[in-house]
>>> print(open('protein.txt').read())   # compact mmCIF, C-alpha atoms
# COMPACT_ATOMS: atom_id res chain seq x y z
CA MET S 1015 125.23 113.24 206.29
CA ALA S 1016 126.04 111.89 209.67
CA LEU S 1017 129.63 111.28 210.51
CA SER S 1018 130.00 108.13 212.51
CA LEU S 1019 131.84 108.70 215.71
CA PRO S 1020 133.51 105.54 216.83
CA LEU S 1021 136.18 106.34 219.33
CA LEU S 1022 138.41 103.74 217.82
CA SER S 1023 139.56 104.58 214.36
CA ARG S 1024 140.80 102.06 211.87
CA PHE S 1025 143.27 104.70 210.82
CA ALA S 1026 145.72 105.90 213.32
CA PRO S 1027 147.68 108.91 212.14
CA PRO S 1028 151.34 108.40 211.30
CA ALA S 1029 152.96 107.46 214.56
CA SER S 1030 155.70 109.91 215.27
CA GLY S 1031 156.79 108.40 218.57
CA ASP S 1032 158.03 111.77 219.70
CA GLY S 1033 157.50 113.59 222.92
CA ALA S 1034 154.27 115.17 221.76
CA THR S 1035 152.64 111.77 221.30
CA LEU S 1036 153.83 110.60 224.68
CA ALA S 1037 152.64 113.81 226.24
CA GLU S 1038 149.28 113.23 224.56
CA ALA S 1039 148.99 109.74 226.04
CA GLU S 1040 149.85 111.14 229.45
CA LEU S 1041 147.32 113.90 228.96
CA VAL S 1042 144.61 111.37 228.14
CA THR S 1043 145.48 109.31 231.22
CA GLN S 1044 145.24 112.37 233.44
CA LEU S 1045 141.97 113.40 231.79
CA GLN S 1046 140.56 109.97 232.48
CA GLN S 1047 141.52 110.43 236.12
CA GLY S 1048 139.50 113.65 236.14
CA SER S 1049 142.40 116.08 236.33
CA GLU S 1050 141.29 119.68 236.06
CA ALA S 1051 144.78 120.82 235.02
CA ALA S 1052 144.85 118.25 232.21
CA PHE S 1053 141.52 119.51 230.91
CA ARG S 1054 142.79 123.07 230.99
CA THR S 1055 145.88 121.95 229.02
CA LEU S 1056 143.72 120.12 226.50
CA VAL S 1057 141.55 123.16 225.90
CA ALA S 1058 144.54 125.47 225.61
CA ARG S 1059 146.28 123.12 223.19
CA TYR S 1060 143.38 122.36 220.88
CA GLN S 1061 140.92 125.24 221.16
CA ASP S 1062 142.22 127.00 218.05
CA ARG S 1063 142.06 123.88 215.89
CA VAL S 1064 138.58 122.93 217.08
CA TYR S 1065 137.33 126.49 216.72
CA THR S 1066 138.77 127.05 213.23
CA THR S 1067 137.36 123.73 212.02
CA ALA S 1068 133.91 124.67 213.29
CA PHE S 1069 134.27 128.19 211.89
CA ALA S 1070 135.32 126.89 208.48
CA LEU S 1071 132.15 124.80 208.31
CA LEU S 1072 129.74 127.31 209.81
CA ARG S 1073 131.23 130.71 208.86
CA SER S 1074 129.88 132.28 212.02
CA ALA S 1075 131.92 133.21 215.09
CA GLU S 1076 128.99 132.66 217.46
CA GLU S 1077 128.07 129.26 216.08
CA ALA S 1078 131.73 128.18 215.98
CA GLU S 1079 132.14 129.17 219.62
CA ASP S 1080 129.05 127.20 220.57
CA VAL S 1081 130.25 124.10 218.71
CA ALA S 1082 133.78 124.37 220.12
CA GLN S 1083 132.41 124.54 223.66
CA GLU S 1084 130.14 121.59 222.96
CA VAL S 1085 133.09 119.54 221.68
CA PHE S 1086 135.19 120.14 224.80
CA VAL S 1087 132.28 119.40 227.10
CA GLU S 1088 131.72 116.14 225.24
CA ILE S 1089 135.40 115.27 225.45
CA TYR S 1090 135.35 115.88 229.20
CA GLN S 1091 132.29 113.70 229.67
CA THR S 1092 133.32 110.82 227.42
CA VAL S 1093 137.11 110.70 227.70
CA GLY S 1094 136.75 107.60 229.87
CA ARG S 1095 135.76 105.67 226.75
CA PHE S 1096 138.74 106.89 224.71
CA ARG S 1097 141.12 103.99 224.23
CA GLY S 1098 143.87 105.87 222.46
CA GLU S 1099 143.95 103.90 219.24
CA ALA S 1100 143.37 107.10 217.26
CA ALA S 1101 145.18 110.31 218.02
CA LEU S 1102 143.48 112.72 220.35
CA SER S 1103 143.63 115.38 217.63
CA THR S 1104 141.85 113.01 215.23
CA TRP S 1105 139.09 112.51 217.76
CA LEU S 1106 138.81 116.27 218.28
CA TYR S 1107 138.69 117.05 214.57
CA ARG S 1108 136.09 114.33 214.09
CA LEU S 1109 133.91 115.64 216.88
CA ALA S 1110 134.30 119.23 215.70
CA ALA S 1111 133.35 118.38 212.11
CA SER S 1112 130.48 116.16 213.15
CA ARG S 1113 129.02 118.62 215.66
CA ALA S 1114 129.45 121.54 213.22
CA LEU S 1115 127.49 119.68 210.54
CA GLN S 1116 124.80 118.76 213.08
CA HIS S 1117 124.64 122.38 214.11
CA GLN S 1118 124.33 123.44 210.49
CA ARG S 1119 121.43 121.04 209.96
CA ARG S 1120 119.71 122.35 213.10
CA LEU S 1121 120.17 125.94 211.91
CA ASN S 1122 118.74 125.10 208.51
CA ALA S 1123 115.77 123.36 210.10
CA LYS S 1124 115.25 126.34 212.41
CA LYS S 1125 115.33 128.70 209.44
CA ARG S 1126 112.75 126.62 207.60
CA PHE S 1127 110.57 126.45 210.73
CA ALA S 1128 110.86 130.22 211.28
CA TYR S 1129 109.84 130.80 207.69
CA PHE S 1130 106.86 128.47 208.08
CA THR S 1131 105.67 130.07 211.32
CA SER S 1132 106.12 133.54 209.85
CA LEU S 1133 103.84 132.51 206.99
CA LEU S 1134 101.22 131.44 209.53
CA GLY S 1135 101.62 134.75 211.35
CA PHE S 1136 102.83 133.22 214.65
CA ASN S 1137 105.53 135.84 214.98
CA ASN S 1138 106.72 139.05 213.46
CA GLN S 1139 109.86 137.80 211.80
CA VAL S 1140 110.69 139.10 208.35
CA LEU S 1141 109.95 136.73 205.51
CA HIS S 1142 112.85 137.71 203.33
CA GLU S 1143 116.54 137.03 203.70
CA PRO S 1144 118.46 139.91 205.30
CA PRO S 1145 119.88 142.05 202.51
CA ASP S 1146 123.52 141.75 201.61
CA HIS S 1147 124.79 145.30 201.40
CA ALA S 1148 128.04 144.35 199.78
CA HIS S 1149 127.67 145.41 196.19
CA PRO S 1150 129.71 143.16 193.90
CA LEU S 1151 131.46 146.11 192.31
CA ALA S 1152 132.35 147.50 195.71
CA ILE S 1153 134.24 144.38 196.64
CA LEU S 1154 137.66 143.66 195.32
CA GLU S 1155 137.65 141.08 192.58
CA GLY S 1156 139.61 138.50 194.52
CA GLU S 1157 137.51 138.88 197.60
CA GLN S 1158 134.39 138.45 195.56
CA GLN S 1159 135.73 135.22 194.14
CA LEU S 1160 136.64 134.04 197.62
CA CYS S 1161 133.17 134.88 198.94
CA LEU S 1162 131.65 132.92 196.07
CA LEU S 1163 133.94 130.00 196.77
CA LEU S 1164 133.07 129.99 200.49
CA ALA S 1165 129.37 130.11 199.68
CA HIS S 1166 129.70 127.12 197.38
CA ILE S 1167 131.83 125.19 199.88
CA GLY S 1168 128.95 125.60 202.31
CA ARG S 1169 126.60 123.94 199.82
CA LEU S 1170 128.75 120.85 199.27
CA PRO S 1171 127.56 117.53 200.71
CA GLY S 1172 128.74 117.08 204.30
CA GLN S 1173 131.66 114.70 203.78
CA GLN S 1174 133.00 116.64 200.79
CA GLN S 1175 132.71 119.85 202.76
CA VAL S 1176 134.64 118.42 205.70
CA ALA S 1177 137.33 116.87 203.48
CA PHE S 1178 137.78 120.06 201.46
CA THR S 1179 137.90 122.26 204.54
CA LEU S 1180 140.37 120.06 206.41
CA ARG S 1181 142.59 119.85 203.34
CA HIS S 1182 142.58 123.43 202.15
CA GLU S 1183 142.00 125.40 205.33
CA GLN S 1184 143.52 123.18 208.02
CA ASP S 1185 146.30 121.75 205.83
CA LEU S 1186 145.70 118.20 207.01
CA SER S 1187 147.25 115.36 205.03
CA TYR S 1188 145.09 112.84 203.17
CA GLU S 1189 145.89 110.24 205.85
CA GLU S 1190 144.80 112.56 208.62
CA ILE S 1191 141.56 113.42 206.81
CA ALA S 1192 140.92 109.70 206.27
CA ALA S 1193 141.37 109.14 209.99
CA VAL S 1194 139.00 111.98 210.86
CA LEU S 1195 136.34 110.75 208.44
CA ASP S 1196 137.02 107.13 209.37
CA THR S 1197 137.53 106.16 205.75
CA THR S 1198 140.30 105.29 203.32
CA VAL S 1199 142.78 107.60 201.64
CA SER S 1200 141.36 106.77 198.22
CA ALA S 1201 137.88 107.69 199.46
CA VAL S 1202 139.28 111.03 200.61
CA GLU S 1203 140.88 111.55 197.20
CA SER S 1204 137.54 110.85 195.60
CA LEU S 1205 135.72 113.25 197.95
CA LEU S 1206 138.23 116.00 197.24
CA PHE S 1207 138.09 115.39 193.49
CA ARG S 1208 134.31 115.65 193.45
CA ALA S 1209 134.32 118.73 195.67
CA ARG S 1210 136.85 120.42 193.43
CA GLN S 1211 134.87 119.54 190.28
CA THR S 1212 131.68 120.92 191.75
CA LEU S 1213 133.32 124.11 192.94
CA ARG S 1214 135.11 124.75 189.67
CA ARG S 1215 131.92 124.15 187.73
CA HIS S 1216 130.07 126.70 189.87
CA LEU S 1217 132.84 129.25 189.66
CA GLN S 1218 133.52 128.93 185.96
CA PRO S 1219 132.29 131.67 183.62
CA PRO S 1220 129.49 130.92 181.18
CA THR S 1221 131.03 129.36 178.08
CA SER S 1222 129.27 131.49 175.48
CA HIS S 1223 129.06 135.28 175.37
CA ALA S 1224 126.95 136.95 172.71
CA MET Q 684 130.27 144.45 179.05
CA PRO Q 685 133.05 142.03 179.92
CA ASP Q 686 132.86 140.16 183.19
CA PRO Q 687 135.22 142.04 185.52
CA VAL Q 688 135.67 139.05 187.79
CA VAL Q 689 138.50 136.67 187.02
CA ARG Q 690 136.96 133.24 187.34
CA PRO Q 691 139.00 130.12 187.96
CA GLY Q 692 138.81 128.71 184.47
CA SER Q 693 142.47 127.77 184.36
CA GLU Q 694 144.56 125.75 186.75
CA GLU Q 695 146.62 128.81 187.71
CA GLU Q 696 143.53 130.78 188.63
CA TRP Q 697 142.21 127.90 190.69
CA GLU Q 698 145.53 127.56 192.51
CA ALA Q 699 145.56 131.30 193.16
CA LEU Q 700 142.10 131.01 194.67
CA MET Q 701 143.18 128.08 196.86
CA HIS Q 702 146.16 130.13 197.98
CA GLN Q 703 143.83 132.97 198.85
CA LEU Q 704 141.67 130.55 200.83
CA ARG Q 705 144.69 129.46 202.88
CA GLN Q 706 145.81 133.04 203.43
CA GLN Q 707 142.57 134.12 205.07
CA PRO Q 708 143.09 135.80 208.44
CA LYS Q 709 143.26 133.20 211.19
CA VAL Q 710 140.23 133.07 213.42
CA GLN Q 711 140.46 132.39 217.12
CA PRO Q 712 137.98 131.98 219.93
CA ARG Q 713 137.43 135.02 222.11
CA PRO Q 714 139.58 135.34 225.25
CA PHE Q 715 138.67 133.30 228.35
CA PHE Q 716 137.37 130.44 226.24
CA TYR Q 717 138.30 127.93 228.94
CA ALA Q 718 136.22 129.79 231.54
CA ARG Q 719 133.20 129.58 229.28
CA VAL Q 720 133.72 125.86 228.70
CA ARG Q 721 133.96 125.32 232.49
CA ALA Q 722 130.80 127.34 233.00
CA ARG Q 723 129.01 125.22 230.43
CA LEU Q 724 130.19 122.06 232.15
CA THR Q 725 128.79 123.14 235.49
CA THR Q 726 125.51 124.49 234.14
CA PRO Q 727 122.79 121.82 234.42
CA ARG Q 728 121.32 120.86 231.08
CA PRO Q 729 117.64 121.68 230.61
CA TRP Q 730 115.54 118.52 230.77
CA LEU Q 731 113.28 119.72 227.98
CA PRO Q 732 114.33 120.44 224.39
CA GLY Q 733 114.13 124.02 223.13
CA TRP Q 734 110.67 123.69 221.61
CA GLY Q 735 109.39 122.10 224.82
CA ARG Q 736 110.12 125.31 226.71
CA VAL Q 737 107.69 127.32 224.56
CA PRO Q 738 104.32 127.23 226.37
CA ALA Q 739 102.28 127.22 223.14
CA TYR Q 740 104.05 124.12 221.85
CA LEU Q 741 103.78 122.44 225.23
CA ALA Q 742 100.03 123.12 225.32
CA LEU Q 743 99.72 121.80 221.78
CA LEU Q 744 101.57 118.65 222.78
CA GLY Q 745 99.24 118.24 225.77
CA LEU Q 746 96.14 118.57 223.54
CA LEU Q 747 97.61 116.10 221.10
CA MET Q 748 98.27 113.59 223.87
CA LEU Q 749 94.72 114.07 225.12
CA ALA Q 750 93.27 113.58 221.65
CA VAL Q 751 95.29 110.43 221.05
CA SER Q 752 95.06 108.69 224.38
CA GLY Q 753 92.05 110.19 226.18
CA ASP Q 754 89.25 109.20 223.77
CA ASP Q 755 87.53 106.75 226.11
CA ALA Q 756 87.44 109.34 228.87
CA LEU Q 757 85.67 111.86 226.63
CA LEU Q 758 83.09 109.41 225.27
CA PRO Q 759 80.39 107.76 227.41
CA PRO Q 760 81.36 104.29 228.58
CA ALA Q 761 80.41 101.64 226.05
CA ALA Q 762 78.60 99.53 228.65
CA ALA Q 763 76.39 102.43 229.76
CA ALA Q 764 75.65 103.54 226.21
CA GLY Q 765 74.42 100.10 225.17
CA HIS Q 766 72.04 99.48 228.10
CA TYR Q 767 69.17 101.16 229.91
CA PRO Q 768 69.92 102.42 233.36
CA SER Q 769 69.44 99.79 236.01
CA GLN Q 770 66.48 101.73 237.53
CA ALA Q 771 64.52 101.85 234.28
CA PRO Q 772 62.52 98.61 234.74
CA GLN Q 773 60.95 100.05 237.91
CA PHE Q 774 59.03 102.59 235.81
CA LEU Q 775 57.77 100.11 233.23
CA PRO Q 776 54.15 98.90 233.63
CA HIS Q 777 53.83 95.46 235.09
>>> encode(input="protein.txt", output="structure tokens")
Amino acid sequence: MALSLPLLSRFAPPASGDGATLAEAELVTQLQQGSEAAFRTLVARYQDRVYTTAFALLRSAEEAEDVAQEVFVEIYQTVGRFRGEAALSTWLYRLAASRALQHQRRLNAKKRFAYFTSLLGFNNQVLHEPPDHAHPLAILEGEQQLCLLLAHIGRLPGQQQVAFTLRHEQDLSYEEIAAVLDTTVSAVESLLFRARQTLRRHLQPPTSHA
Amino acid sequence: MPDPVVRPGSEEEWEALMHQLRQQPKVQPRPFFYARVRARLTTPRPWLPGWGRVPAYLALLGLLMLAVSGDDALLPPAAAAGHYPSQAPQFLPH
């Protein structure tokens, strides 16, 4: 799935009209003028949100760091095209989600390629997956369930994964998720419903026990 | 043996799991994140993609290009192949 990245969203988040919004507009203006201080403020203000979004989709600190850096570099280089019709946070979430999914696809392709080259004997990489030393009985029950859930979230289709993550880990409203995904609230509801159905189906116990 | 894991069959169990998901420890970037972003901004981007910086792949690409576009250089020219050399008639009996 490729998230489209128009800088102008049809869905602006609920306009609060408070100081934060005004400060955001001012911040964007200063960024467009190339202010170093404004960029530092932007990074300080949004680094946690961008990083946690990337981490929630990639489940790796290193990859999340890489994506978060990439997002801020892209913001710095393209802020001149930002016209402010969507909130800056919406733009950041959208970029973070999109770049994290791209990163995930690249990693998957790299894994497949590494497997292929290892079959041909081009390198000495191991052919098997690294073993998971966490024995199920050694993990607390709840943690095991959570691990299972996270694994299945990672296998959801891209848009469902982003919607589910933003809703349940970032606590974004349906309107905010719709703005990030550049879609409607009902489409977000549908994405979340399908994600939830899939996850519950995978986590449910087998119906019959002999 | 009964399954020791409580699976989210019911709504309550599912909600408990969602609660657990929200209560995960918050992750944060490592300190001096801004410095690393600045460093990345000032570092020139490589002009070749990752695979292009592996000599074996680059050599393979070169061979491929040669095979695709250099065929007429490897084969004898069509004009020369279809005719005798210009000196040949001199050796023929009159």
>>> residues_around(input="protein.txt", residues="Glu694 in chain Q", least_positions_apart="5", cutoff="10 Å", atoms="all atoms listed in the file", output="PDB file with C-alpha atoms, in the frame of the given file")
ATOM      1  CA  ARG S1214     135.110 124.750 189.670  1.00  0.00           C
TER       2      ARG S1214
ATOM      3  CA  ALA Q 699     145.560 131.300 193.160  1.00  0.00           C
ATOM      4  CA  LEU Q 700     142.100 131.010 194.670  1.00  0.00           C
TER       5      LEU Q 700
END
>>> residues_near_point(input="protein.txt", point="(142.5, 124.7, 227.6)", cutoff="10 Å", atoms="only C-alpha atoms", output="PDB file with C-alpha atoms, in the coordinates of the input")
ATOM      1  CA  GLU S1050     141.290 119.680 236.060  1.00  0.00           C
ATOM      2  CA  ALA S1051     144.780 120.820 235.020  1.00  0.00           C
ATOM      3  CA  ALA S1052     144.850 118.250 232.210  1.00  0.00           C
ATOM      4  CA  PHE S1053     141.520 119.510 230.910  1.00  0.00           C
ATOM      5  CA  ARG S1054     142.790 123.070 230.990  1.00  0.00           C
ATOM      6  CA  THR S1055     145.880 121.950 229.020  1.00  0.00           C
ATOM      7  CA  LEU S1056     143.720 120.120 226.500  1.00  0.00           C
ATOM      8  CA  VAL S1057     141.550 123.160 225.900  1.00  0.00           C
ATOM      9  CA  ALA S1058     144.540 125.470 225.610  1.00  0.00           C
ATOM     10  CA  ARG S1059     146.280 123.120 223.190  1.00  0.00           C
ATOM     11  CA  TYR S1060     143.380 122.360 220.880  1.00  0.00           C
ATOM     12  CA  GLN S1061     140.920 125.240 221.160  1.00  0.00           C
ATOM     13  CA  ASP S1062     142.220 127.000 218.050  1.00  0.00           C
ATOM     14  CA  PHE S1086     135.190 120.140 224.800  1.00  0.00           C
TER      15      PHE S1086
ATOM     16  CA  PHE Q 715     138.670 133.300 228.350  1.00  0.00           C
ATOM     17  CA  PHE Q 716     137.370 130.440 226.240  1.00  0.00           C
ATOM     18  CA  TYR Q 717     138.300 127.930 228.940  1.00  0.00           C
ATOM     19  CA  ALA Q 718     136.220 129.790 231.540  1.00  0.00           C
ATOM     20  CA  VAL Q 720     133.720 125.860 228.700  1.00  0.00           C
ATOM     21  CA  ARG Q 721     133.960 125.320 232.490  1.00  0.00           C
TER      22      ARG Q 721
END
>>> residues_around(input="protein.txt", residues="Gln703 in chain Q", least_positions_apart="2", cutoff="10 Å", atoms="only C-alpha atoms", output="number ranges by chain")
S: 1156-1157, 1159-1160; Q: 697-701, 705-707
>>> residues_around(input="protein.txt", residues="Gly1168 in chain S", least_positions_apart="3", cutoff="12 Å", atoms="all atoms listed in the file", output="list in words")
Phe1069, Ala1070, Leu1071, Leu1072, Arg1073, Ser1074, Ala1114, Leu1115, Gln1118, Arg1119, Asn1122, Cys1161, Leu1162, Leu1163, Leu1164, Ala1165, Pro1171, Gly1172, Gln1173, Gln1174, Gln1175, Val1176, Phe1178, Thr1179, Ala1209, Thr1212 and Leu1213 of chain S
>>> closest_residue(input="protein.txt", among="S:Ser1112, S:Thr1043, S:Thr1131, S:Gln1218", to="Arg1097 in chain S", atoms="only C-alpha atoms")
S:Thr1043
>>> closest_residue(input="protein.txt", among="S:His1216, S:Arg1095, S:Arg1126, S:Arg1120", to="Ile1167 in chain S", atoms="only C-alpha atoms")
S:His1216
>>> atom_distance(input="protein.txt", atom1="CA of Tyr1107 in chain S", atom2="CA of Leu1180 in chain S")
8.9 Å
>>> closest_residue(input="protein.txt", among="Q:Ala750, Q:Leu704, Q:Ala722, Q:Leu743", to="chain S", atoms="only C-alpha atoms")
Q:Leu704
>>> decode(input="protein.txt", residues="range 1048-1074 of chain S", atoms="N, CA, C and O atoms", output="PDB file, in the first residue's frame")
ATOM      1  N   GLY S1048      13.582  29.451   6.498  1.00  0.00           N
ATOM      2  CA  GLY S1048      14.868  28.781   6.726  1.00  0.00           C
ATOM      3  C   GLY S1048      15.435  28.973   8.118  1.00  0.00           C
ATOM      4  O   GLY S1048      16.652  28.861   8.309  1.00  0.00           O
ATOM      5  N   SER S1049      14.566  29.250   9.091  1.00  0.00           N
ATOM      6  CA  SER S1049      15.064  29.477  10.453  1.00  0.00           C
ATOM      7  C   SER S1049      15.535  28.187  11.108  1.00  0.00           C
ATOM      8  O   SER S1049      14.787  27.218  11.215  1.00  0.00           O
ATOM      9  N   GLU S1050      16.760  28.237  11.561  1.00  0.00           N
ATOM     10  CA  GLU S1050      17.363  27.089  12.257  1.00  0.00           C
ATOM     11  C   GLU S1050      16.669  26.850  13.608  1.00  0.00           C
ATOM     12  O   GLU S1050      16.385  25.706  13.985  1.00  0.00           O
ATOM     13  N   ALA S1051      16.364  27.933  14.292  1.00  0.00           N
ATOM     14  CA  ALA S1051      15.715  27.825  15.616  1.00  0.00           C
ATOM     15  C   ALA S1051      14.327  27.197  15.474  1.00  0.00           C
ATOM     16  O   ALA S1051      13.909  26.392  16.316  1.00  0.00           O
ATOM     17  N   ALA S1052      13.619  27.576  14.398  1.00  0.00           N
ATOM     18  CA  ALA S1052      12.280  27.019  14.175  1.00  0.00           C
ATOM     19  C   ALA S1052      12.365  25.521  13.919  1.00  0.00           C
ATOM     20  O   ALA S1052      11.525  24.748  14.395  1.00  0.00           O
ATOM     21  N   PHE S1053      13.389  25.110  13.182  1.00  0.00           N
ATOM     22  CA  PHE S1053      13.548  23.682  12.895  1.00  0.00           C
ATOM     23  C   PHE S1053      13.857  22.919  14.181  1.00  0.00           C
ATOM     24  O   PHE S1053      13.326  21.837  14.410  1.00  0.00           O
ATOM     25  N   ARG S1054      14.680  23.531  15.011  1.00  0.00           N
ATOM     26  CA  ARG S1054      15.013  22.892  16.292  1.00  0.00           C
ATOM     27  C   ARG S1054      13.747  22.748  17.141  1.00  0.00           C
ATOM     28  O   ARG S1054      13.513  21.712  17.765  1.00  0.00           O
ATOM     29  N   THR S1055      12.904  23.778  17.137  1.00  0.00           N
ATOM     30  CA  THR S1055      11.638  23.734  17.891  1.00  0.00           C
ATOM     31  C   THR S1055      10.727  22.647  17.346  1.00  0.00           C
ATOM     32  O   THR S1055      10.112  21.890  18.105  1.00  0.00           O
ATOM     33  N   LEU S1056      10.653  22.581  16.021  1.00  0.00           N
ATOM     34  CA  LEU S1056       9.811  21.559  15.379  1.00  0.00           C
ATOM     35  C   LEU S1056      10.236  20.157  15.797  1.00  0.00           C
ATOM     36  O   LEU S1056       9.401  19.330  16.174  1.00  0.00           O
ATOM     37  N   VAL S1057      11.530  19.917  15.729  1.00  0.00           N
ATOM     38  CA  VAL S1057      12.041  18.585  16.086  1.00  0.00           C
ATOM     39  C   VAL S1057      11.752  18.288  17.555  1.00  0.00           C
ATOM     40  O   VAL S1057      11.258  17.211  17.896  1.00  0.00           O
ATOM     41  N   ALA S1058      12.021  19.261  18.405  1.00  0.00           N
ATOM     42  CA  ALA S1058      11.800  19.051  19.843  1.00  0.00           C
ATOM     43  C   ALA S1058      10.324  18.786  20.134  1.00  0.00           C
ATOM     44  O   ALA S1058       9.982  17.942  20.960  1.00  0.00           O
ATOM     45  N   ARG S1059       9.452  19.477  19.410  1.00  0.00           N
ATOM     46  CA  ARG S1059       8.016  19.361  19.677  1.00  0.00           C
ATOM     47  C   ARG S1059       7.433  18.051  19.158  1.00  0.00           C
ATOM     48  O   ARG S1059       6.525  17.486  19.747  1.00  0.00           O
ATOM     49  N   TYR S1060       7.921  17.587  18.032  1.00  0.00           N
ATOM     50  CA  TYR S1060       7.260  16.445  17.385  1.00  0.00           C
ATOM     51  C   TYR S1060       8.083  15.155  17.352  1.00  0.00           C
ATOM     52  O   TYR S1060       7.607  14.151  16.848  1.00  0.00           O
ATOM     53  N   GLN S1061       9.296  15.188  17.830  1.00  0.00           N
ATOM     54  CA  GLN S1061      10.149  13.997  17.674  1.00  0.00           C
ATOM     55  C   GLN S1061       9.550  12.755  18.346  1.00  0.00           C
ATOM     56  O   GLN S1061       9.618  11.659  17.786  1.00  0.00           O
ATOM     57  N   ASP S1062       8.926  12.935  19.503  1.00  0.00           N
ATOM     58  CA  ASP S1062       8.361  11.769  20.193  1.00  0.00           C
ATOM     59  C   ASP S1062       7.202  11.165  19.402  1.00  0.00           C
ATOM     60  O   ASP S1062       7.098   9.945  19.270  1.00  0.00           O
ATOM     61  N   ARG S1063       6.342  12.034  18.880  1.00  0.00           N
ATOM     62  CA  ARG S1063       5.182  11.530  18.132  1.00  0.00           C
ATOM     63  C   ARG S1063       5.614  10.825  16.845  1.00  0.00           C
ATOM     64  O   ARG S1063       5.089   9.771  16.498  1.00  0.00           O
ATOM     65  N   VAL S1064       6.552  11.438  16.144  1.00  0.00           N
ATOM     66  CA  VAL S1064       7.033  10.830  14.893  1.00  0.00           C
ATOM     67  C   VAL S1064       7.733   9.500  15.191  1.00  0.00           C
ATOM     68  O   VAL S1064       7.481   8.483  14.537  1.00  0.00           O
ATOM     69  N   TYR S1065       8.557   9.525  16.233  1.00  0.00           N
ATOM     70  CA  TYR S1065       9.314   8.312  16.572  1.00  0.00           C
ATOM     71  C   TYR S1065       8.379   7.186  17.022  1.00  0.00           C
ATOM     72  O   TYR S1065       8.524   6.045  16.578  1.00  0.00           O
ATOM     73  N   THR S1066       7.415   7.502  17.897  1.00  0.00           N
ATOM     74  CA  THR S1066       6.535   6.428  18.393  1.00  0.00           C
ATOM     75  C   THR S1066       5.650   5.871  17.267  1.00  0.00           C
ATOM     76  O   THR S1066       5.358   4.682  17.252  1.00  0.00           O
ATOM     77  N   THR S1067       5.250   6.732  16.336  1.00  0.00           N
ATOM     78  CA  THR S1067       4.465   6.237  15.197  1.00  0.00           C
ATOM     79  C   THR S1067       5.302   5.262  14.370  1.00  0.00           C
ATOM     80  O   THR S1067       4.836   4.172  14.016  1.00  0.00           O
ATOM     81  N   ALA S1068       6.530   5.662  14.091  1.00  0.00           N
ATOM     82  CA  ALA S1068       7.409   4.782  13.312  1.00  0.00           C
ATOM     83  C   ALA S1068       7.707   3.499  14.093  1.00  0.00           C
ATOM     84  O   ALA S1068       7.692   2.404  13.523  1.00  0.00           O
ATOM     85  N   PHE S1069       7.915   3.643  15.393  1.00  0.00           N
ATOM     86  CA  PHE S1069       8.228   2.461  16.215  1.00  0.00           C
ATOM     87  C   PHE S1069       7.043   1.497  16.251  1.00  0.00           C
ATOM     88  O   PHE S1069       7.207   0.281  16.163  1.00  0.00           O
ATOM     89  N   ALA S1070       5.843   2.066  16.362  1.00  0.00           N
ATOM     90  CA  ALA S1070       4.642   1.223  16.429  1.00  0.00           C
ATOM     91  C   ALA S1070       4.466   0.419  15.146  1.00  0.00           C
ATOM     92  O   ALA S1070       3.925  -0.688  15.167  1.00  0.00           O
ATOM     93  N   LEU S1071       4.921   0.957  14.026  1.00  0.00           N
ATOM     94  CA  LEU S1071       4.768   0.243  12.753  1.00  0.00           C
ATOM     95  C   LEU S1071       5.945  -0.671  12.445  1.00  0.00           C
ATOM     96  O   LEU S1071       5.795  -1.630  11.693  1.00  0.00           O
ATOM     97  N   LEU S1072       7.098  -0.380  13.019  1.00  0.00           N
ATOM     98  CA  LEU S1072       8.287  -1.165  12.678  1.00  0.00           C
ATOM     99  C   LEU S1072       8.780  -2.065  13.808  1.00  0.00           C
ATOM    100  O   LEU S1072       9.493  -3.037  13.557  1.00  0.00           O
ATOM    101  N   ARG S1073       8.446  -1.705  15.049  1.00  0.00           N
ATOM    102  CA  ARG S1073       8.847  -2.480  16.229  1.00  0.00           C
ATOM    103  C   ARG S1073      10.363  -2.674  16.320  1.00  0.00           C
ATOM    104  O   ARG S1073      10.854  -3.748  16.680  1.00  0.00           O
ATOM    105  N   SER S1074      11.078  -1.649  15.918  1.00  0.00           N
ATOM    106  CA  SER S1074      12.539  -1.705  16.023  1.00  0.00           C
ATOM    107  C   SER S1074      13.037  -0.292  16.301  1.00  0.00           C
ATOM    108  O   SER S1074      12.697   0.650  15.552  1.00  0.00           O
TER     109      SER S1074
END
